[in-house]
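Novice: Contents of model-v3.cif (mmCIF, C-alpha atoms):
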```cif
data_query
#
loop_
_atom_site.label_atom_id
_atom_site.label_comp_id
_atom_site.auth_asym_id
_atom_site.auth_seq_id
_atom_site.Cartn_x
_atom_site.Cartn_y
_atom_site.Cartn_z
CA MET J 1 0.41 19.36 11.03
CA THR J 2 -0.64 16.27 9.08
CA SER J 3 0.04 12.72 10.17
CA THR J 4 3.00 10.89 8.67
CA PRO J 5 1.89 9.53 5.29
CA TYR J 6 2.00 5.84 4.59
CA THR J 7 4.97 4.79 2.49
CA VAL J 8 5.64 1.91 0.14
CA ALA J 9 7.52 0.19 2.97
CA ASP J 10 4.29 0.07 4.98
CA VAL J 11 2.36 -1.94 2.42
CA MET J 12 4.90 -3.77 0.24
CA THR J 13 5.38 -7.53 0.19
CA THR J 14 8.82 -8.45 1.49
CA LYS J 15 8.72 -12.08 0.41
CA VAL J 16 9.53 -11.73 -3.28
CA ILE J 17 9.89 -14.42 -5.90
CA ALA J 18 12.68 -13.40 -8.27
CA VAL J 19 14.66 -14.97 -11.08
CA THR J 20 18.18 -14.52 -12.39
CA PRO J 21 19.25 -13.58 -15.93
CA SER J 22 20.03 -17.24 -16.66
CA THR J 23 16.62 -18.56 -15.56
CA GLY J 24 14.97 -20.47 -18.39
CA PHE J 25 11.63 -19.77 -20.04
CA LYS J 26 9.80 -22.76 -18.56
CA ASP J 27 11.05 -22.04 -15.05
CA ILE J 28 9.82 -18.45 -15.37
CA ALA J 29 6.39 -19.57 -16.57
CA THR J 30 6.22 -22.17 -13.82
CA ALA J 31 7.09 -19.61 -11.13
CA MET J 32 4.42 -17.21 -12.39
CA GLU J 33 1.80 -19.93 -12.29
CA ARG J 34 2.83 -21.29 -8.91
CA TRP J 35 2.93 -17.94 -7.16
CA LYS J 36 0.06 -16.37 -9.12
CA VAL J 37 2.03 -13.32 -10.25
CA THR J 38 2.20 -11.62 -13.63
CA ALA J 39 5.77 -10.32 -13.41
CA LEU J 40 9.04 -11.25 -11.73
CA PRO J 41 12.06 -9.08 -10.93
CA VAL J 42 15.32 -10.27 -12.43
CA ILE J 43 18.25 -10.00 -10.02
CA GLU J 44 21.95 -10.68 -10.09
CA GLY J 45 24.71 -10.69 -7.51
CA GLU J 46 23.46 -9.82 -4.03
CA GLY J 47 19.95 -8.95 -5.18
CA HIS J 48 20.61 -6.08 -7.58
CA VAL J 49 17.57 -5.60 -9.84
CA VAL J 50 18.54 -5.59 -13.52
CA GLY J 51 15.14 -6.00 -15.12
CA VAL J 52 11.62 -7.37 -14.93
CA VAL J 53 10.15 -10.25 -16.92
CA SER J 54 6.38 -10.28 -17.30
CA GLU J 55 3.68 -12.33 -18.97
CA ALA J 56 3.80 -9.86 -21.84
CA ASP J 57 7.46 -10.74 -22.36
CA LEU J 58 6.60 -14.44 -22.58
CA LEU J 59 3.61 -14.18 -24.91
CA PRO J 60 5.57 -13.69 -28.18
CA LYS J 61 6.87 -17.25 -27.75
CA GLU J 62 3.28 -18.52 -28.05
CA GLU J 63 2.21 -15.95 -30.63
CA PHE J 64 4.90 -16.97 -33.10
CA HIS J 65 4.87 -20.65 -32.18
CA GLU J 66 2.96 -21.84 -35.25
CA HIS J 67 4.18 -19.38 -37.84
CA ARG J 68 7.44 -17.68 -38.66
CA PRO J 69 7.03 -13.89 -38.97
CA GLY J 70 7.77 -12.38 -42.34
CA LEU J 71 10.53 -9.85 -42.92
CA ILE J 72 8.22 -6.84 -42.66
CA GLU J 73 6.67 -8.12 -39.42
CA GLN J 74 10.12 -8.87 -38.02
CA MET J 75 11.24 -5.30 -38.74
CA ARG J 76 8.04 -3.82 -37.30
CA ARG J 77 8.20 -5.89 -34.12
CA LEU J 78 11.89 -6.43 -33.54
CA GLY J 79 11.51 -6.61 -29.78
CA ASP J 80 8.72 -9.18 -29.82
CA THR J 81 10.31 -11.41 -32.45
CA ALA J 82 13.58 -11.36 -30.53
CA LYS J 83 11.77 -12.41 -27.37
CA ALA J 84 9.98 -15.18 -29.28
CA GLY J 85 13.34 -16.75 -30.00
CA SER J 86 14.67 -16.28 -26.48
CA THR J 87 15.00 -18.97 -23.86
CA ARG J 88 16.39 -17.11 -20.84
CA ALA J 89 15.31 -14.15 -18.74
CA GLU J 90 18.24 -11.96 -19.77
CA SER J 91 17.01 -11.80 -23.36
CA MET J 92 13.30 -11.50 -22.56
CA MET J 93 13.25 -9.07 -19.64
CA THR J 94 12.39 -5.40 -19.79
CA THR J 95 15.38 -3.34 -18.77
CA PRO J 96 16.10 -1.06 -17.05
CA ALA J 97 13.46 -2.03 -14.54
CA VAL J 98 10.98 0.56 -13.33
CA THR J 99 11.51 0.56 -9.56
CA ILE J 100 10.57 2.58 -6.51
CA ARG J 101 12.15 3.33 -3.15
CA PRO J 102 10.70 2.11 0.18
CA ASP J 103 10.23 5.68 1.45
CA ALA J 104 8.11 6.76 -1.53
CA THR J 105 4.53 7.70 -0.68
CA LEU J 106 1.59 5.67 -1.89
CA PRO J 107 0.39 8.43 -4.26
CA GLN J 108 3.88 8.50 -5.81
CA ALA J 109 3.74 4.75 -6.38
CA ALA J 110 0.23 4.97 -7.82
CA ARG J 111 1.24 7.73 -10.24
CA LEU J 112 4.28 5.77 -11.41
CA MET J 113 2.19 2.66 -12.04
CA ALA J 114 -0.38 4.69 -13.96
CA ASP J 115 2.23 6.56 -16.02
CA ARG J 116 4.09 3.36 -16.97
CA HIS J 117 0.98 1.16 -17.27
CA ILE J 118 2.36 -1.48 -14.92
CA LYS J 119 0.76 -3.41 -12.06
CA ARG J 120 3.75 -4.18 -9.84
CA LEU J 121 6.93 -2.34 -8.87
CA PRO J 122 10.12 -3.82 -7.44
CA VAL J 123 11.10 -1.90 -4.32
CA VAL J 124 14.83 -1.20 -4.11
CA ASP J 125 17.19 0.63 -1.79
CA ALA J 126 19.67 3.33 -2.83
CA ASP J 127 22.01 0.68 -4.24
CA GLY J 128 19.31 -0.93 -6.36
CA THR J 129 19.04 -3.99 -4.12
CA LEU J 130 15.64 -5.68 -4.02
CA LYS J 131 13.76 -5.10 -0.75
CA GLY J 132 10.22 -6.02 -1.72
CA ILE J 133 7.52 -5.60 -4.30
CA VAL J 134 4.43 -3.41 -4.29
CA SER J 135 1.30 -4.04 -6.33
CA ARG J 136 -1.86 -2.11 -7.09
CA ALA J 137 -3.64 -4.26 -4.50
CA ASP J 138 -1.04 -3.29 -1.89
CA LEU J 139 -1.75 0.40 -2.48
CA LEU J 140 -5.38 -0.21 -1.62
CA LYS J 141 -4.58 -1.75 1.78
CA VAL J 142 -4.96 1.63 3.49
CA PHE J 143 -8.66 1.54 2.65
CA LEU J 144 -8.99 -1.57 4.83
CA ARG J 145 -8.34 0.48 7.98
CA SER J 146 -11.27 0.31 10.37
CA ASP J 147 -13.68 3.22 10.78
CA GLU J 148 -12.69 3.43 14.45
CA GLU J 149 -9.03 3.75 13.56
CA LEU J 150 -9.76 6.50 11.05
CA ALA J 151 -11.90 8.44 13.55
CA THR J 152 -9.16 8.22 16.15
CA GLU J 153 -6.53 9.52 13.74
CA ILE J 154 -8.72 12.39 12.54
CA ARG J 155 -9.29 13.47 16.14
CA ARG J 156 -5.61 13.19 17.03
CA THR J 157 -4.06 14.74 13.93
CA VAL J 158 -6.73 17.24 12.91
CA VAL J 159 -9.20 18.21 15.60
CA GLU J 160 -6.88 18.25 18.62
CA ARG J 161 -4.27 20.26 16.74
CA LEU J 162 -6.53 22.78 15.02
CA PHE J 163 -9.14 23.22 17.72
CA PRO J 164 -7.48 22.58 21.10
CA LEU J 165 -9.98 24.78 22.95
CA SER J 166 -13.14 23.46 21.35
CA GLN J 167 -12.18 19.88 20.53
CA GLU J 168 -14.68 18.44 23.01
CA ALA J 169 -17.49 20.03 21.02
CA VAL J 170 -16.45 18.29 17.81
CA LYS J 171 -18.02 14.94 17.00
CA ILE J 172 -16.36 12.61 14.51
CA THR J 173 -18.14 9.65 12.97
CA VAL J 174 -16.78 7.41 10.24
CA ALA J 175 -18.91 4.96 8.26
CA GLN J 176 -17.49 2.90 5.39
CA GLY J 177 -14.49 5.19 5.29
CA ILE J 178 -16.56 8.38 4.99
CA ALA J 179 -15.87 10.81 7.84
CA THR J 180 -18.38 13.31 9.17
CA LEU J 181 -17.29 16.18 11.41
CA THR J 182 -19.97 18.08 13.30
CA GLY J 183 -19.97 20.66 16.08
CA ALA J 184 -19.07 24.26 16.83
CA VAL J 185 -15.49 25.56 16.89
CA ARG J 186 -14.12 28.92 17.94
CA ASP J 187 -12.08 29.70 14.81
CA GLY J 188 -14.22 29.31 11.72
CA SER J 189 -11.33 30.25 9.43
CA LEU J 190 -9.74 26.87 10.13
CA ILE J 191 -12.75 24.82 9.04
CA PRO J 192 -11.68 24.51 5.36
CA LEU J 193 -8.22 23.40 6.51
CA ALA J 194 -9.76 20.82 8.83
CA GLU J 195 -11.71 19.36 5.93
CA ARG J 196 -8.61 19.12 3.74
CA LEU J 197 -6.54 17.52 6.48
CA ALA J 198 -9.24 14.99 7.30
CA HIS J 199 -9.40 14.07 3.64
CA SER J 200 -5.62 13.51 3.60
CA VAL J 201 -5.74 10.83 6.30
CA GLU J 202 -4.76 7.55 4.64
CA GLY J 203 -7.80 5.35 4.17
CA VAL J 204 -10.43 8.08 4.25
CA VAL J 205 -12.79 7.75 1.31
CA GLY J 206 -14.67 11.03 1.73
CA VAL J 207 -15.37 13.82 4.20
CA HIS J 208 -18.56 15.63 5.19
CA CYS J 209 -17.49 18.71 7.14
CA ARG J 210 -20.40 20.20 9.06
CA LEU J 211 -18.43 22.27 11.51
CA ASP J 212 -19.57 25.80 12.21
CA ALA J 213 -18.44 28.77 14.29
CA PRO J 214 -20.33 31.45 16.22
CA ALA J 215 -21.04 34.55 14.16
CA GLU J 216 -18.91 37.52 15.06
CA ALA J 217 -20.70 40.26 16.96
#
```
Please express the file's structure as structure tokens.

Specialist:
Amino acid sequence: MTSTPYTVADVMTTKVIAVTPSTGFKDIATAMERWKVTALPVIEGEGHVVGVVSEADLLPKEEFHEHRPGLIEQMRRLGDTAKAGSTRAESMMTTPAVTIRPDATLPQAARLMADRHIKRLPVVDADGTLKGIVSRADLLKVFLRSDEELATEIRRTVVERLFPLSQEAVKITVAQGIATLTGAVRDGSLIPLAERLAHSVEGVVGVHCRLDAPAEA
């Protein structure tokens, strides 16, 4: 009954800047600065993602630039001290990479980013080949849909389907992403469902459901 949810493929960036395992430190830093990104997928072969190198992976080089860590610090931060002495992506990258499929829904992508505390996800196909990249900003693109577009979708996917006989009596207004449904419908039992479905439309910020139904005699 609901409209087809937006997927990662709908919002991802398909032009992706990537590096290979042999890419050097300075080239990685230069690419990040040039393209204004905080992480780069590391690929080999025909685009198979083997890891991700981020600003956090590069920082130990600067942190330990002026002083050599003591034995205790080396043991406590083995990963960081190893990265500080690295010069190529293969020894600095985080692996395996946290990735997502193009057909994943936007809530799935958002949950994965939140759970792993990351800002960008390489998008890969079933073979692990890079297809794009999705960021937190990309997930918010659905909230840029116009109010008119949202109202049209709510009418088409909610009102026309739930209330085919009384749809003309239902008024839908959307302002700043907040939808308001007013009017009288024949089946009052469907009103809570209408509110939930309207809320599930991608890009809707909130719903005020003011539908009512005639009292039963």

Novice: Mind pulling up the distance from CA of Ala18 (chain J) to CA of Leu59 (chain J)?

Specialist: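 Here the two named atoms are 19.0 Å from each other.
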
Novice: List the neighbours of region 112-124 of chain J out to 12 Å using only C-alpha atoms; skip same-chain residues closer than 2 positions along the sequence, and give me the result as a ChimeraX atom specification.

Specialist: /J:7-18,37-43,47-56,94,96-110,126-139

Novice: Name the residues that the PyMOL selection byres ((chain J and resi 202) around 8) pulls out of this structure, and write them as a list in words.

Specialist: Pro5, Tyr6, Val142, Phe143, Ser200, Val201, Gly203 and Val204 of chain J

Novice: Could you state which residues are captured by the PyMOL selection byres ((chain J and resi 176-185) around 6) in this file, as JSON, numbers by chain?

Specialist: {"J": [147, 166, 169, 170, 171, 172, 173, 174, 175, 186, 187, 204, 205, 206, 207, 208, 209, 210, 211, 212, 213]}

Novice: If you apply the PyMOL selection byres ((chain J and resi 28) around 9) to this file, what residues do you get, as a list in words?

Specialist: Val19, Thr23, Gly24, Phe25, Lys26, Asp27, Ala29, Thr30, Ala31, Met32, Glu33, Leu40, Val53, Leu58, Arg88 and Ala89 of chain J

Novice: Can I get the selected residues back with C-alpha atoms, as a tab-separated table (two decimals), in the coordinates of the input?

Specialist:
```tsv
chain	number	residue	atom	x	y	z
J	19	VAL	CA	14.66	-14.97	-11.08
J	23	THR	CA	16.62	-18.56	-15.56
J	24	GLY	CA	14.97	-20.47	-18.39
J	25	PHE	CA	11.63	-19.77	-20.04
J	26	LYS	CA	9.80	-22.76	-18.56
J	27	ASP	CA	11.05	-22.04	-15.05
J	29	ALA	CA	6.39	-19.57	-16.57
J	30	THR	CA	6.22	-22.17	-13.82
J	31	ALA	CA	7.09	-19.61	-11.13
J	32	MET	CA	4.42	-17.21	-12.39
J	33	GLU	CA	1.80	-19.93	-12.29
J	40	LEU	CA	9.04	-11.25	-11.73
J	53	VAL	CA	10.15	-10.25	-16.92
J	58	LEU	CA	6.60	-14.44	-22.58
J	88	ARG	CA	16.39	-17.11	-20.84
J	89	ALA	CA	15.31	-14.15	-18.74
```

Novice: Using Å and a single decimal, report how far CA of Ile154 (chain J) sits from CA of Glu195 (chain J).

Specialist: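 CA of Ile154 (chain J) lies at a distance of 10.1 Å from CA of Glu195 (chain J).
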
Novice: Provide the CA of Gln167 (chain J) to CA of Arg155 (chain J) distance in Å, to one decimal place.

Specialist: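 Separation between CA of Gln167 (chain J) and CA of Arg155 (chain J): 8.3 Å.
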
Novice: Could you tell me which of J:Arg145, J:Thr157, J:Glu168, J:Leu162 comes closest to Pro192 (chain J) if we count all atoms listed in the file?

Specialist: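 Between J:Arg145, J:Thr157, J:Glu168, J:Leu162, the residue approaching Pro192 (chain J) most closely is J:Leu162.
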
Novice: Taking into account all atoms listed in the file, which residue in the set J:Glu44, J:Pro214, J:Trp35, J:Ala198 is nearest to Thr152 (chain J)?

Specialist: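 Looking only at the distances to Thr152 (chain J), the closest residue turns out to be J:Ala198.
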